[in-house]
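Participant: run_19.cif is reproduced below (mmCIF, C-alpha atoms and all ligand atoms).
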```cif
data_data
#
loop_
_atom_site.label_atom_id
_atom_site.label_comp_id
_atom_site.auth_asym_id
_atom_site.auth_seq_id
_atom_site.Cartn_x
_atom_site.Cartn_y
_atom_site.Cartn_z
CA MET A 1 14.21 55.28 -12.62
CA SER A 2 12.70 54.73 -16.07
CA SER A 3 9.23 53.26 -16.46
CA LEU A 4 10.70 50.11 -18.08
CA GLU A 5 12.77 49.40 -15.00
CA ALA A 6 9.75 49.96 -12.80
CA ILE A 7 7.74 47.44 -14.78
CA ALA A 8 10.60 44.91 -14.64
CA ALA A 9 10.91 45.33 -10.89
CA ALA A 10 7.15 44.95 -10.41
CA LEU A 11 7.09 41.75 -12.51
CA PHE A 12 10.02 40.33 -10.59
CA LEU A 13 8.26 41.04 -7.31
CA LEU A 14 5.06 39.42 -8.60
CA VAL A 15 6.91 36.25 -9.58
CA ILE A 16 8.49 35.98 -6.14
CA LEU A 17 5.14 36.57 -4.43
CA TYR A 18 3.56 33.87 -6.60
CA PHE A 19 6.21 31.31 -5.61
CA ILE A 20 5.74 32.10 -1.91
CA TYR A 21 1.95 31.78 -2.29
CA ASP A 22 2.31 28.47 -4.19
CA TYR A 23 4.64 27.03 -1.55
CA TYR A 24 2.25 28.09 1.21
CA LEU A 25 -0.73 26.45 -0.56
CA LYS A 26 1.18 23.19 -1.06
CA LYS A 27 2.20 23.08 2.57
CA LYS A 28 -1.36 23.75 3.72
CA ARG A 29 -2.77 21.05 1.42
CA GLU A 30 -0.31 18.49 2.77
CA GLU A 31 -1.14 19.31 6.36
CA SER A 32 -4.90 19.39 5.98
CA THR A 33 -5.40 15.73 4.94
CA LYS A 34 -5.40 14.04 8.33
CA TYR A 35 -7.45 10.90 8.76
CA VAL A 36 -9.10 9.29 11.75
CA THR A 37 -10.35 5.69 11.91
CA ARG A 38 -14.03 5.16 12.80
CA GLU A 39 -16.12 2.04 13.23
CA LEU A 40 -19.80 1.38 12.63
CA LEU A 41 -21.60 -0.85 15.13
CA MET A 42 -24.97 -2.38 14.34
CA CYS A 43 -27.39 -4.03 16.76
CA LEU A 44 -28.16 -7.65 15.89
CA ASN A 45 -31.73 -7.22 17.16
CA CYS A 46 -33.05 -3.87 16.04
CA ASN A 47 -30.43 -2.68 13.50
CA TYR A 48 -29.68 0.39 15.63
CA ARG A 49 -26.41 1.98 14.45
CA VAL A 50 -23.64 3.64 16.42
CA GLU A 51 -20.53 5.24 14.93
CA GLN A 52 -17.51 5.60 17.21
CA ASP A 53 -13.70 5.77 17.20
CA PHE A 54 -11.74 2.62 16.40
CA GLU A 55 -10.19 0.81 19.35
CA PRO A 56 -7.07 -1.40 18.99
CA GLY A 57 -7.98 -5.08 18.65
CA ASP A 58 -11.29 -4.46 16.90
CA PHE A 59 -12.09 -6.11 13.59
CA ILE A 60 -15.12 -6.35 11.33
CA GLY A 61 -17.64 -8.92 12.58
CA LEU A 62 -16.54 -8.68 16.24
CA VAL A 63 -19.45 -8.76 18.67
CA LYS A 64 -18.87 -5.87 21.03
CA GLY A 65 -20.95 -3.99 23.58
CA LYS A 66 -24.67 -3.63 24.22
CA CYS A 67 -27.25 -1.75 22.19
CA PRO A 68 -28.31 1.51 23.88
CA ASN A 69 -31.76 1.09 22.34
CA CYS A 70 -32.81 -2.48 23.20
CA GLY A 71 -29.89 -4.00 25.13
CA GLY A 72 -29.08 -6.53 22.42
CA LEU A 73 -25.58 -7.39 21.22
CA MET A 74 -23.78 -5.05 18.82
CA LYS A 75 -21.58 -6.23 15.95
CA ILE A 76 -18.91 -4.22 14.12
CA LYS A 77 -20.24 -3.69 10.62
CA ALA A 78 -17.50 -1.52 9.16
CA ILE A 79 -14.12 0.06 9.89
CA PHE A 80 -13.00 2.98 7.73
CA SER A 81 -11.01 6.19 7.85
CA VAL A 82 -12.50 9.62 7.31
CA GLU A 83 -10.89 13.03 6.97
CA THR A 84 -10.87 15.02 10.17
CA SER A 85 -12.93 18.17 9.79
CA THR A 86 -10.38 20.46 11.49
CA MET B 1 20.47 56.08 -14.22
CA PHE B 2 23.46 53.91 -13.25
CA SER B 3 26.78 55.34 -12.33
CA ALA B 4 29.98 54.23 -14.08
CA ASP B 5 30.99 52.06 -11.07
CA ALA B 6 27.75 50.13 -11.15
CA SER B 7 27.98 49.42 -14.85
CA LEU B 8 31.56 48.15 -14.39
CA LEU B 9 30.34 45.84 -11.64
CA ILE B 10 27.59 44.50 -13.87
CA GLN B 11 30.12 43.81 -16.61
CA ILE B 12 32.32 41.86 -14.20
CA VAL B 13 29.34 39.79 -13.04
CA TRP B 14 28.51 38.96 -16.66
CA LEU B 15 32.11 37.98 -17.30
CA ILE B 16 32.12 35.62 -14.31
CA LEU B 17 28.83 34.07 -15.42
CA LEU B 18 30.21 33.51 -18.93
CA LEU B 19 33.38 31.94 -17.54
CA LEU B 20 31.31 29.61 -15.32
CA MET B 21 29.24 28.61 -18.33
CA PHE B 22 32.12 27.91 -20.71
CA THR B 23 34.34 26.09 -18.22
CA GLY B 24 31.48 23.92 -16.91
CA LEU B 25 32.13 25.16 -13.39
CA TYR B 26 28.46 26.03 -12.94
CA GLN B 27 27.81 22.28 -12.97
CA ARG B 28 30.06 21.90 -9.95
CA ILE B 29 27.99 24.46 -8.09
CA GLN B 30 24.81 22.66 -9.14
CA ILE B 31 26.24 19.32 -7.98
CA LYS B 32 27.03 20.74 -4.55
CA LEU B 33 23.53 22.19 -4.25
CA TRP B 34 21.88 18.92 -5.30
CA ILE B 35 24.01 16.93 -2.85
CA LEU B 36 22.85 19.26 -0.07
CA VAL B 37 19.19 18.78 -1.01
CA ILE B 38 19.51 14.99 -1.41
CA LYS B 39 21.26 14.68 1.95
CA SER B 40 18.56 16.67 3.71
CA LYS B 41 15.87 14.42 2.16
CA LEU B 42 17.90 11.36 3.13
CA ASN B 43 17.92 12.62 6.70
CA VAL B 44 14.14 12.92 6.59
CA ILE B 45 13.92 9.25 5.54
CA LYS B 46 16.41 8.29 8.25
CA SER B 47 14.36 9.97 10.96
CA VAL B 48 11.20 8.22 9.68
CA LEU B 49 13.07 4.90 9.79
CA GLU B 50 14.29 5.48 13.35
CA GLU B 51 10.85 6.57 14.52
CA ASP B 52 9.16 3.52 12.97
CA LYS B 53 11.81 1.19 14.34
CA ASN B 54 11.10 2.53 17.81
CA ARG B 55 7.35 2.18 17.31
CA VAL B 56 7.74 -1.47 16.32
CA LYS B 57 10.13 -2.10 19.22
CA ASN B 58 7.56 -0.65 21.62
CA MET B 59 4.87 -2.80 20.03
CA LEU B 60 7.01 -5.92 20.52
CA ARG B 61 7.72 -4.92 24.12
CA ASN B 62 3.98 -4.60 24.72
CA MET B 63 3.59 -8.09 23.26
CA GLY B 64 5.96 -9.43 25.91
CA LEU B 65 9.39 -9.36 24.25
CA SER B 66 11.76 -7.62 26.68
CA THR B 67 14.65 -7.14 24.22
CA PRO B 68 13.19 -6.57 20.76
CA GLU B 69 16.47 -5.13 19.34
CA GLU B 70 17.78 -8.57 18.33
CA LEU B 71 14.62 -9.56 16.45
CA VAL B 72 14.35 -6.18 14.72
CA SER B 73 17.97 -6.15 13.55
CA ARG B 74 17.71 -9.77 12.43
CA LEU B 75 14.67 -9.18 10.21
CA LEU B 76 15.51 -5.62 9.10
CA ASP B 77 18.21 -6.82 6.71
CA PHE B 78 16.45 -9.99 5.63
CA PHE B 79 16.85 -10.64 1.90
CA ILE B 80 15.51 -12.89 -0.84
CA ILE B 81 17.75 -13.88 -3.73
CA GLU B 82 15.78 -13.81 -6.96
CA PRO B 83 15.59 -17.06 -8.94
CA VAL B 84 17.73 -17.45 -12.07
CA SER B 85 15.75 -15.97 -14.96
CA ILE B 86 18.01 -16.57 -17.97
CA GLU B 87 16.89 -20.20 -17.78
CA PRO B 88 13.12 -19.75 -17.30
CA THR B 89 12.16 -23.43 -17.13
CA ASP B 90 10.27 -24.00 -13.89
CA ILE B 91 10.84 -20.41 -12.73
CA ILE B 92 7.31 -20.18 -11.29
CA LYS B 93 7.85 -23.30 -9.23
CA ARG B 94 11.20 -22.01 -7.98
CA MET B 95 9.80 -18.57 -7.22
CA ASP B 96 6.81 -20.05 -5.41
CA HIS B 97 9.19 -22.16 -3.34
CA LEU B 98 11.32 -19.14 -2.39
CA LEU B 99 8.26 -17.06 -1.50
CA ARG B 100 6.82 -19.81 0.67
CA VAL B 101 10.17 -20.38 2.42
CA THR B 102 10.43 -16.62 3.08
CA GLU B 103 6.92 -16.61 4.56
CA SER B 104 7.52 -19.62 6.78
CA THR B 105 10.96 -18.37 7.88
CA PHE B 106 9.50 -15.02 8.91
CA LYS B 107 6.76 -16.82 10.81
CA GLN B 108 9.20 -19.19 12.50
CA VAL B 109 11.59 -16.44 13.57
CA VAL B 110 8.84 -14.21 14.97
CA GLY B 111 7.23 -17.28 16.57
CA ARG B 112 10.51 -18.22 18.28
CA TYR B 113 10.76 -14.78 19.89
CA LEU B 114 7.05 -14.46 20.70
CA PRO B 115 5.88 -18.02 21.45
CA SER B 116 2.86 -17.11 23.58
CA LEU B 117 1.27 -14.83 21.01
CA GLY B 118 -1.90 -15.68 19.06
CA LYS B 119 -1.89 -16.09 15.29
CA HIS B 120 -3.69 -12.78 14.73
CA GLU B 121 -1.32 -10.63 16.78
CA ARG B 122 1.75 -12.44 15.48
CA SER B 123 0.74 -11.67 11.89
CA LEU B 124 0.52 -7.98 12.83
CA ALA B 125 4.05 -8.12 14.29
CA GLU B 126 5.35 -9.84 11.14
CA SER B 127 3.77 -7.27 8.82
CA SER B 128 4.93 -4.32 10.90
CA LEU B 129 8.47 -5.68 10.84
CA SER B 130 8.38 -6.10 7.07
CA ILE B 131 7.18 -2.51 6.62
CA VAL B 132 10.12 -1.23 8.66
CA ALA B 133 12.39 -3.51 6.62
CA ALA B 134 11.00 -1.98 3.41
CA ILE B 135 11.71 1.57 4.63
CA GLY B 136 15.18 0.39 5.70
CA LEU B 137 15.87 -1.00 2.22
CA ILE B 138 14.81 2.25 0.54
CA TYR B 139 17.06 4.19 2.89
CA ARG B 140 20.09 1.97 2.31
CA VAL B 141 19.76 1.96 -1.49
CA LEU B 142 19.29 5.74 -1.63
CA ARG B 143 22.24 6.30 0.67
CA HIS B 144 24.35 4.09 -1.57
CA TYR B 145 23.54 6.10 -4.69
CA ALA B 146 23.92 9.42 -2.89
CA ILE B 147 27.41 8.54 -1.62
CA GLN B 148 28.46 7.01 -4.93
CA SER B 149 27.31 9.95 -7.03
CA GLU B 150 28.95 12.41 -4.66
CA LYS B 151 32.25 10.50 -4.79
CA GLU B 152 32.25 10.31 -8.56
CA GLU B 153 30.57 13.69 -9.09
CA ASN B 154 28.12 11.89 -11.35
CA TYR B 155 25.89 14.65 -12.65
CA ILE B 156 23.37 12.32 -14.34
CA LEU B 157 22.95 10.05 -11.30
CA LEU B 158 22.50 13.06 -9.02
CA MET B 159 19.93 14.51 -11.36
CA GLN B 160 17.98 11.25 -11.35
CA LEU B 161 18.11 11.09 -7.56
CA MET B 162 17.03 14.71 -7.34
CA TYR B 163 14.00 14.25 -9.58
CA LEU B 164 12.99 10.86 -8.16
CA MET B 165 13.15 12.15 -4.58
CA PRO B 166 9.54 13.44 -4.33
CA GLN B 167 8.21 10.09 -5.56
CA ILE B 168 10.43 8.10 -3.18
CA LEU B 169 9.50 10.37 -0.27
CA ARG B 170 5.83 9.76 -1.03
CA VAL B 171 6.38 6.00 -0.91
CA VAL B 172 8.23 6.31 2.42
CA LYS B 173 5.42 8.46 3.80
CA THR B 174 2.87 5.88 2.65
CA TYR B 175 4.75 3.07 4.42
CA HIS B 176 5.02 5.27 7.49
CA GLU B 177 1.26 5.77 7.52
CA ALA B 178 0.63 2.10 6.70
CA LEU B 179 2.55 1.06 9.82
CA ASP B 180 -0.22 2.61 11.94
CA SER B 181 -2.84 0.40 10.25
CA PHE B 182 -0.71 -2.75 10.53
CA MET B 183 0.19 -2.20 14.19
CA TYR B 184 -3.46 -2.01 15.21
CA GLY B 185 -4.92 -4.41 12.63
CA LYS B 186 -7.20 -1.93 10.86
CA PRO B 187 -8.53 -3.04 7.46
CA ILE B 188 -6.57 -1.45 4.59
CA GLY B 189 -7.70 -0.42 1.11
CA ASP B 190 -6.18 -3.56 -0.39
CA GLY B 191 -8.60 -5.51 1.83
CA VAL B 192 -11.53 -4.55 -0.38
CA GLY B 193 -11.43 -7.99 -2.10
CA PRO B 194 -11.67 -10.00 1.14
CA LEU B 195 -14.32 -7.56 2.41
CA VAL B 196 -16.43 -8.20 -0.68
CA ALA B 197 -16.02 -11.96 -0.15
CA TYR B 198 -17.06 -11.57 3.50
CA THR B 199 -20.05 -9.40 2.64
CA LEU B 200 -21.14 -11.89 -0.01
CA SER B 201 -20.80 -14.80 2.44
CA GLU B 202 -22.96 -12.94 4.97
CA LYS B 203 -25.72 -12.75 2.36
CA CYS B 204 -25.72 -16.48 1.54
CA ASN B 205 -26.30 -19.50 3.71
CA ILE B 206 -22.94 -21.16 4.12
CA THR B 207 -23.01 -24.96 3.87
CA SER B 208 -19.36 -25.72 4.59
CA ARG B 209 -16.25 -23.91 5.66
CA ARG B 210 -12.62 -25.06 5.61
CA VAL B 211 -9.15 -23.54 5.72
CA VAL B 212 -6.56 -24.67 3.17
CA ASP B 213 -3.08 -23.15 2.93
CA ASP B 214 -3.96 -20.05 5.05
CA THR B 215 -6.95 -19.52 2.77
CA SER B 216 -10.65 -19.86 3.68
CA VAL B 217 -12.90 -21.79 1.35
CA LEU B 218 -16.62 -21.25 1.99
CA GLU B 219 -19.30 -23.17 0.13
CA ALA B 220 -22.75 -21.66 -0.21
CA VAL B 221 -25.90 -21.88 -2.23
CA TYR B 222 -26.80 -18.72 -4.09
CA GLU B 223 -30.12 -18.79 -6.00
CA ASN B 224 -29.78 -22.45 -6.98
CA ARG B 225 -26.12 -22.10 -7.92
CA ARG B 226 -23.21 -23.62 -6.09
CA LEU B 227 -21.06 -20.69 -4.96
CA ILE B 228 -17.52 -21.23 -3.66
CA ILE B 229 -16.04 -18.19 -1.94
CA VAL B 230 -12.26 -17.98 -1.54
CA LYS B 231 -10.47 -15.43 0.63
CA ALA B 232 -7.40 -15.21 2.86
CA GLU B 233 -8.07 -16.46 6.39
CA GLY B 234 -8.81 -13.49 8.66
CA PRO B 235 -8.77 -11.34 10.66
CA GLY B 236 -4.96 -11.35 10.87
CA SER B 237 -2.66 -9.70 8.33
CA ASN B 238 -2.66 -12.39 5.66
CA VAL B 239 -3.01 -12.65 1.88
CA GLY B 240 -3.27 -16.45 1.74
CA HIS B 241 -2.61 -18.51 -1.39
CA PRO B 242 -5.77 -17.94 -3.45
CA GLY B 243 -4.21 -19.08 -6.73
CA ALA B 244 -2.99 -22.41 -5.46
CA VAL B 245 -6.30 -22.98 -3.62
CA ILE B 246 -8.50 -22.12 -6.63
CA SER B 247 -6.41 -24.45 -8.78
CA ARG B 248 -6.88 -27.21 -6.20
CA ILE B 249 -10.66 -26.70 -5.96
CA VAL B 250 -11.08 -26.82 -9.73
CA GLU B 251 -8.98 -30.01 -9.95
CA GLU B 252 -11.03 -31.56 -7.11
CA LEU B 253 -14.21 -30.79 -9.04
CA GLY B 254 -12.70 -32.27 -12.21
CA GLY B 255 -12.93 -28.93 -13.97
CA ARG B 256 -16.71 -28.67 -13.62
CA VAL B 257 -16.67 -24.95 -12.76
CA ASP B 258 -18.60 -22.48 -14.92
CA MET B 259 -16.88 -19.28 -13.95
CA ILE B 260 -14.00 -17.94 -11.86
CA LEU B 261 -14.50 -14.35 -10.71
CA THR B 262 -11.68 -12.48 -8.95
CA VAL B 263 -12.15 -9.22 -7.04
CA ASP B 264 -9.16 -7.06 -6.18
CA ALA B 265 -7.95 -3.54 -5.58
CA ALA B 266 -6.21 -2.00 -8.59
CA LEU B 267 -3.90 0.98 -8.80
CA LYS B 268 -5.70 3.87 -10.43
CA LEU B 269 -4.21 6.16 -13.03
CA GLU B 270 -3.80 9.81 -12.04
CA GLY B 271 -7.09 11.57 -12.73
CA GLU B 272 -9.23 8.47 -12.20
CA GLU B 273 -11.65 8.46 -9.31
CA SER B 274 -10.90 6.42 -6.17
CA GLY B 275 -13.46 3.75 -5.37
CA LEU B 276 -14.49 3.34 -9.00
CA VAL B 277 -15.62 -0.22 -9.75
CA THR B 278 -14.69 -1.59 -13.17
CA GLU B 279 -15.21 -4.91 -14.88
CA GLY B 280 -12.88 -6.94 -17.06
CA VAL B 281 -11.40 -10.29 -17.98
CA GLY B 282 -8.42 -12.10 -16.46
CA ALA B 283 -7.04 -12.91 -13.03
CA ALA B 284 -7.17 -9.79 -10.86
CA ILE B 285 -4.33 -10.52 -8.46
CA GLY B 286 -1.12 -8.62 -7.87
CA ASP B 287 1.31 -11.25 -6.58
CA PRO B 288 4.83 -11.70 -8.05
CA GLY B 289 3.53 -14.47 -10.32
CA PRO B 290 2.90 -17.93 -8.86
CA GLU B 291 -0.66 -17.33 -7.64
CA LYS B 292 -1.77 -15.51 -10.77
CA ILE B 293 -0.39 -18.11 -13.15
CA ALA B 294 -2.06 -20.91 -11.16
CA ILE B 295 -5.47 -19.33 -11.78
CA GLU B 296 -4.73 -18.66 -15.46
CA ARG B 297 -3.45 -22.18 -16.05
CA VAL B 298 -6.38 -23.96 -14.47
CA ALA B 299 -8.88 -21.67 -16.24
CA ALA B 300 -7.22 -22.29 -19.60
CA LYS B 301 -6.94 -26.04 -18.99
CA TYR B 302 -10.68 -26.49 -18.42
CA ASN B 303 -11.81 -23.54 -20.57
CA ILE B 304 -13.43 -21.71 -17.64
CA PRO B 305 -14.38 -18.03 -18.22
CA LEU B 306 -12.15 -15.81 -16.10
CA ARG B 307 -13.86 -12.59 -15.07
CA ALA B 308 -12.55 -9.79 -12.87
CA LEU B 309 -13.87 -6.83 -10.90
CA VAL B 310 -11.50 -4.21 -9.55
CA VAL B 311 -11.83 -1.20 -7.26
CA LYS B 312 -9.56 1.67 -8.27
CA MET B 313 -7.38 3.41 -5.68
CA ASP B 314 -3.91 4.91 -5.37
CA ILE B 315 -1.00 3.28 -3.57
CA ARG B 316 -1.56 5.35 -0.43
CA GLU B 317 -5.22 4.35 -0.23
CA ALA B 318 -4.31 0.72 -0.90
CA LEU B 319 -1.81 0.43 1.95
CA THR B 320 -3.39 2.62 4.62
CA THR B 321 -6.65 2.25 6.55
CA MET B 322 -9.61 1.75 4.22
CA ARG B 323 -11.17 5.07 3.27
CA LYS B 324 -14.93 5.56 3.51
CA LYS B 325 -15.10 5.95 -0.27
CA ILE B 326 -13.58 2.52 -0.79
CA TYR B 327 -15.75 0.94 1.89
CA ASP B 328 -18.80 2.34 0.08
CA SER B 329 -17.70 0.66 -3.16
CA VAL B 330 -18.09 -2.80 -1.55
CA GLY B 331 -21.86 -2.66 -1.99
CA VAL B 332 -21.44 -1.73 -5.67
CA VAL B 333 -19.07 -4.67 -6.22
CA VAL B 334 -21.50 -7.10 -4.58
CA GLU B 335 -24.33 -5.80 -6.83
CA ASN B 336 -22.07 -6.28 -9.85
CA ILE B 337 -21.24 -9.84 -8.80
CA GLU B 338 -24.93 -10.66 -8.44
CA ARG B 339 -25.61 -9.23 -11.87
CA ILE B 340 -22.78 -11.18 -13.48
CA ILE B 341 -24.00 -14.39 -11.83
CA LYS B 342 -27.57 -13.86 -13.05
CA GLU B 343 -26.47 -12.95 -16.59
CA ASN B 344 -23.73 -15.52 -17.17
CA VAL B 345 -24.05 -18.45 -14.80
CA PRO B 346 -27.09 -20.69 -15.38
CA GLU B 347 -28.93 -22.23 -12.41
CA GLY B 348 -27.49 -25.50 -11.16
CA SER B 349 -23.90 -24.66 -12.08
CA THR B 350 -20.84 -23.92 -9.99
CA LEU B 351 -18.82 -20.73 -9.71
CA ILE B 352 -15.84 -19.52 -7.69
CA VAL B 353 -15.67 -15.96 -6.35
CA ALA B 354 -12.27 -15.00 -4.92
CA GLY B 355 -11.63 -11.85 -2.87
CA ILE B 356 -7.95 -11.09 -3.38
CA GLY B 357 -5.91 -8.95 -0.99
CA ASN B 358 -4.82 -8.57 2.60
CA THR B 359 -7.65 -9.58 4.92
CA MET B 360 -6.42 -7.69 7.98
CA GLY B 361 -9.35 -6.70 10.19
CA ILE B 362 -11.77 -8.76 8.10
CA PRO B 363 -12.83 -12.19 9.46
CA GLY B 364 -13.83 -15.36 7.67
ZN ZN C 401 -30.86 -2.86 19.53
#
```
So, in terms of structure tokens, how does the structure I just supplied come out?
Facilitator:
Amino acid sequence: MSSLEAIAAALFLLVILYFIYDYYLKKKREESTKYVTRELLMCLNCNYRVEQDFEPGDFIGLVKGKCPNCGGLMKIKAIFSVETST
Amino acid sequence: MFSADASLLIQIVWLILLLLMFTGLYQRIQIKLWILVIKSKLNVIKSVLEEDKNRVKNMLRNMGLSTPEELVSRLLDFFIIEPVSIEPTDIIKRMDHLLRVTESTFKQVVGRYLPSLGKHERSLAESSLSIVAAIGLIYRVLRHYAIQSEKEENYILLMQLMYLMPQILRVVKTYHEALDSFMYGKPIGDGVGPLVAYTLSEKCNITSRRVVDDTSVLEAVYENRRLIIVKAEGPGSNVGHPGAVISRIVEELGGRVDMILTVDAALKLEGEESGLVTEGVGAAIGDPGPEKIAIERVAAKYNIPLRALVVKMDIREALTTMRKKIYDSVGVVVENIERIIKENVPEGSTLIVAGIGNTMGIPG
């Protein structure tokens, strides 16, 4: 085999490897962006904050649960989605 | 070095390739390949549609409807016939009428099947059904073009389908994700306007509160200025009729309003940052026309400055559960509103702040 053919073969192989790598990266990027919905509760008395998972039926401004700090009522301050860290 | 046999083989391959090129037969091969790819993508959309249909059926069953199939099939193919546009006289009035009839028909039909349900939950059922209907429409239109182009071997049409596919798939995926937010009533990115209105109302002392046309109108006093806050009535999935309501308020006040400020989510350009807050002039509202023109008309009639604040996001962020980044921009918008009020609205005057968008998960 001449050296020119060897170079051509090596280039061809490189191109194929690049496409496989690119496809793999794209797939990984698509899979990695998973989101989970969280909610922020704030005590009406002492402004103590708790962040927890969203539960169906919740909405912003809903008074829900007791404050673990002072026993006052907690109100949902915010609902948002964040990327899961996995 | 090649043997004589191998070089003969290579010559034959070249000859075949040349023949394919000159006779146009290579196009046939390409057409077959494209049809295969398009059909496989179409199957992906079909499976998404079936999955989402089942999710909505289960949701309706949980809401107390034992046979949801009838309701789903009735609303899946629901259509609106566009108003005549070659004769534009009164087109806004006609369009507004059609949109309102669509809205009330949807509500009536869902209400007939689910009479015991509250307003909030019923709005979630309505929105979830319309999302599935949107995916169904995309699927049917794509299938139509795929079958037609295959029948007629239409190279150009197939090429368009082929290159539009990634974009269409992204839209379908977005709707698929959005269904999760609408089924459980989580606030979506488009709700940033109503959330700003709610946050602003929490900061002021509200003097009166009424609901007109599915839209909340809150009156407050903000640093010696009369502040009227307009937003869709929450926390159900609802966009209200902010344009019609703003127009009515201004007419009621005889035009004595010193500024109308609209806050909305806006689609960002690729490369722009999500959650960016920008300022401008005009009515920031993305309805098909009637609401926007109502604001523009009343502002022009009484010469009221029309200011706008928008939060940039992409279509996926707008239709799915509100990202943290966009939630964080609410504070920035409220600061901007306060600055605009202090700079441009003198004490003792009246201004309207409208939070435009779907108020799902946001009360008030
Ligand atoms: Zn507390």
Participant: Just checking: using all atoms listed in the file, which residue out of B:Ile260, B:Val345, B:Val330, B:Ala284 ends up closest to chain A?
Facilitator: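 The closest residue to chain A is B:Val330.
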Participant: Would you pick out the contacts of region 34-51 of chain A at 10 Å or less, using all atoms listed in the file, so that residues sharing its chain but fewer than 2 positions from it are not included, and give the list as JSON, numbers by chain?
Facilitator: {"A": [30, 31, 32, 53, 54, 55, 58, 59, 60, 61, 62, 63, 64, 65, 66, 67, 68, 69, 70, 71, 72, 73, 74, 75, 76, 77, 78, 79, 80, 81, 82, 83, 84, 85, 86], "B": [181, 186, 187, 321, 322, 323, 324]}
Participant: Leaving out region 236-243 of chain B and any residue of its chain fewer than 5 positions from it, which residues lie within 8 Å of it when counting all atoms listed in the file, given as a list in words?
Facilitator: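 In the requested form, the answer reads Lys119, His120, Glu121, Ser123, Leu124, Ser127, Phe182, Gly185, Asp213, Asp214, Thr215, Val230, Lys231, Pro290, Glu291, Lys292, Ile293, Ala294, Ile295, Ala354, Ile356, Gly357, Asn358, Thr359, Met360, Gly361 and Ile362 of chain B.
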Participant: Could you list, as a PyMOL selection string, every residue within 10 Å of Gly254 (chain B), counting only C-alpha atoms and ignoring same-chain residues fewer than 5 positions away?
Facilitator: chain B and resi 248-249+302
Participant: One decimal, Å: what's the distance from CA of Ile31 (chain B) over to CA of Asn154 (chain B), could you say?
Facilitator: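 These two atoms are separated by 8.4 Å.
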Participant: When you look at Val56 (chain B) with a cut-off of 12 Å (counting all atoms listed in the file), what residues show up, excluding the ones that are within fewer than 4 positions of it in the same chain? I need them as JSON, numbers by chain.
Facilitator: {"B": [49, 50, 51, 52, 60, 61, 62, 63, 65, 67, 68, 69, 71, 72, 73, 76, 124, 125, 126, 127, 128, 129, 130, 131, 132, 133, 176, 179, 180, 182, 183, 184]}
Participant: Mind giving me the straight-line distance from CA of Gly191 (chain B) to CA of Asp287 (chain B) in Å, one decimal?
Facilitator: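 For CA of Gly191 (chain B) relative to CA of Asp287 (chain B), the distance reads 14.2 Å.
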Participant: Got a sec: who's within 9 Å of Gly255 (chain B), counting all atoms listed in the file, leaving out chain neighbours fewer than 5 positions off, as a PyMOL selection string?
Facilitator: chain B and resi 249-250+298-299+301-304
Participant: Please report the interatomic distance between CA of Arg28 (chain B) and CA of Ser40 (chain B) in Å with one decimal.
Facilitator: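 Separation of CA of Arg28 (chain B) and CA of Ser40 (chain B): 18.6 Å.
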Participant: From the list B:Ile188, B:Ile86, B:Leu200, B:Ala4, which residue is nearest chain A when using only C-alpha atoms?
Facilitator: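 Result for the nearest residue to chain A: B:Ile188.
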Participant: Which residues of region 69-95 of chain B come within 10 Å of region 99-112 of chain B, and what is each one's closest atom pair and distance in Å (one decimal), counting all atoms listed in the file, sorted by chain and residue number, as a Markdown table?
Facilitator:
```
| residue | atom | partner | partner_atom | distance |
| --- | --- | --- | --- | --- |
| B:Leu71 | CA | B:Val110 | CA | 7.6 |
| B:Val72 | CA | B:Val110 | CA | 9.7 |
| B:Arg74 | CA | B:Val109 | CA | 9.1 |
| B:Leu75 | CA | B:Phe106 | CA | 7.9 |
| B:Phe78 | CA | B:Phe106 | CA | 9.2 |
| B:Phe79 | CA | B:Thr102 | CA | 8.9 |
| B:Ile80 | CA | B:Thr102 | CA | 7.4 |
| B:Glu82 | CA | B:Leu99 | CA | 9.8 |
| B:Lys93 | CA | B:Leu99 | CA | 9.9 |
| B:Arg94 | CA | B:Leu99 | CA | 8.7 |
| B:Met95 | CA | B:Leu99 | CA | 6.1 |
```
Participant: Here is a test: counting only C-alpha atoms, which residue of A:Gln52, A:Ser2, A:Tyr18, A:Lys27 is nearest to chain B?
Facilitator: A:Ser2
Participant: So that all listed atoms of region 11-27 of chain B fit with 6 Å spare on each side, what axis-aligned box centre and edge lengths in Å, to one decimal, would you give as AutoDock Vina command-line options?
Facilitator:
```
--center_x 31.1 --center_y 33.0 --center_z -16.8 --size_x 18.5 --size_y 33.5 --size_z 19.8
```
